[in-house]
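**Student:** If it helps, the file is called coords_27.cif and holds mmCIF, C-alpha atoms:
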```cif
data_run
#
loop_
_atom_site.label_atom_id
_atom_site.label_comp_id
_atom_site.auth_asym_id
_atom_site.auth_seq_id
_atom_site.Cartn_x
_atom_site.Cartn_y
_atom_site.Cartn_z
CA MET M 624 52.45 -9.01 74.82
CA GLU M 625 51.86 -10.26 71.28
CA LYS M 626 52.72 -6.80 69.99
CA TYR M 627 56.25 -7.17 71.35
CA PHE M 628 56.66 -10.58 69.72
CA PHE M 629 55.64 -9.17 66.35
CA ILE M 630 57.95 -6.17 66.65
CA ALA M 631 60.86 -8.39 67.69
CA GLN M 632 60.11 -10.76 64.82
CA ILE M 633 60.13 -7.92 62.30
CA ILE M 634 63.44 -6.59 63.63
CA VAL M 635 65.06 -10.03 63.62
CA SER M 636 63.81 -10.74 60.10
CA VAL M 637 65.20 -7.46 58.73
CA VAL M 638 68.58 -8.07 60.37
CA LEU M 639 68.56 -11.66 59.07
CA ILE M 640 67.90 -10.46 55.52
CA LEU M 641 70.72 -7.92 55.76
CA VAL M 642 73.17 -10.49 57.11
CA LEU M 643 72.25 -12.93 54.34
CA LEU M 644 72.75 -10.28 51.70
CA VAL M 645 76.16 -9.36 53.11
CA GLN M 646 77.47 -12.91 52.99
CA VAL M 647 76.44 -13.77 49.43
CA ARG M 648 79.32 -15.58 47.84
CA GLY M 649 80.82 -14.33 44.61
CA GLY M 650 80.60 -17.48 42.52
CA GLY M 651 81.36 -15.63 39.33
CA LEU M 652 79.82 -16.28 35.94
CA GLY M 653 81.43 -19.70 35.62
CA GLY M 654 78.56 -21.41 37.39
CA ILE M 655 76.10 -20.08 34.85
CA PHE M 656 77.92 -21.71 31.96
CA GLY M 657 78.50 -25.06 33.65
CA GLN M 658 82.03 -24.71 34.96
CA ALA M 659 82.65 -26.70 38.09
CA ASP M 660 83.70 -24.81 41.18
CA THR M 661 86.47 -27.05 42.48
CA THR M 662 88.07 -24.73 45.00
CA PHE M 663 87.55 -25.58 48.64
CA ARG M 664 87.57 -22.79 51.16
CA THR M 665 87.03 -22.66 54.86
CA ARG M 666 85.28 -19.78 56.52
CA ARG M 667 87.61 -17.52 58.42
CA GLY M 668 87.37 -14.30 60.33
CA LEU M 669 84.42 -12.10 59.52
CA GLU M 670 82.86 -14.64 57.16
CA LYS M 671 82.77 -17.27 59.92
CA THR M 672 81.34 -14.78 62.40
CA LEU M 673 78.60 -13.76 59.96
CA PHE M 674 77.77 -17.43 59.33
CA GLN M 675 77.45 -18.16 63.05
CA PHE M 676 75.45 -14.95 63.57
CA THR M 677 73.08 -16.09 60.81
CA ILE M 678 72.49 -19.38 62.60
CA VAL M 679 71.77 -17.56 65.86
CA LEU M 680 69.34 -15.19 64.11
CA VAL M 681 67.48 -18.11 62.51
CA VAL M 682 67.14 -19.84 65.89
CA VAL M 683 65.89 -16.61 67.49
CA PHE M 684 63.44 -16.04 64.62
CA VAL M 685 62.01 -19.56 64.91
CA ALA M 686 61.77 -19.25 68.70
CA LEU M 687 59.90 -15.95 68.36
CA ALA M 688 57.56 -17.49 65.80
CA VAL M 689 56.78 -20.41 68.10
CA LEU M 690 56.31 -18.14 71.11
CA SER M 691 54.06 -15.74 69.25
CA ALA M 692 51.98 -18.64 67.95
CA ARG M 693 51.73 -20.12 71.44
CA TRP M 694 50.97 -16.98 73.46
CA GLY M 695 49.87 -14.57 70.78
CA LYS M 696 46.25 -15.73 70.71
#
```
What would you get if you wrote out this structure as structure tokens?
**Tutor:**
Amino acid sequence: MEKYFFIAQIIVSVVLILVLLVQVRGGGLGGIFGQADTTFRTRRGLEKTLFQFTIVLVVVFVALAVLSARWGK
């Protein structure tokens, strides 16, 4: 049983890393040199879906970690 938790955790973590890399914001080089980013944007469309999917993946990852710690021994 613990084998399945570990495999699921690895799969979820790889997908979570990929989703996080896809949604990296392009802040530009202005932030490096101290320029303030004063534009306000709301998430729309695919960006909003990726953000919500990231939250779901984090919850699933934490749940798998708790379950594997509880029943994995």
**Student:** Write out as a ChimeraX atom specification which residues come within 12 Å of region 629-634 of chain M when counting only C-alpha atoms, dropping same-chain ones fewer than 6 positions away.
**Tutor:** /M:640-641,680-692,694-695
**Student:** May I have the residues within 12 Å of Leu644 (chain M) as a PyMOL selection string, using only C-alpha atoms and disregarding those fewer than 6 positions away in the same chain?
**Tutor:** chain M and resi 637-638+673-674+677
**Student:** Quote the spacing between CA of Thr672 (chain M) and CA of Val645 (chain M) in Å to one decimal place.
**Tutor:**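 Computed distance, CA of Thr672 (chain M) to CA of Val645 (chain M), equals 11.9 Å.
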**Student:** Looking at all atoms listed in the file, which of M:Gly668, M:Met624, M:Arg693, M:Ile678 is the one that sits closest to Leu643 (chain M)?
**Tutor:**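 Closest to Leu643 (chain M) of all the choices is M:Ile678.
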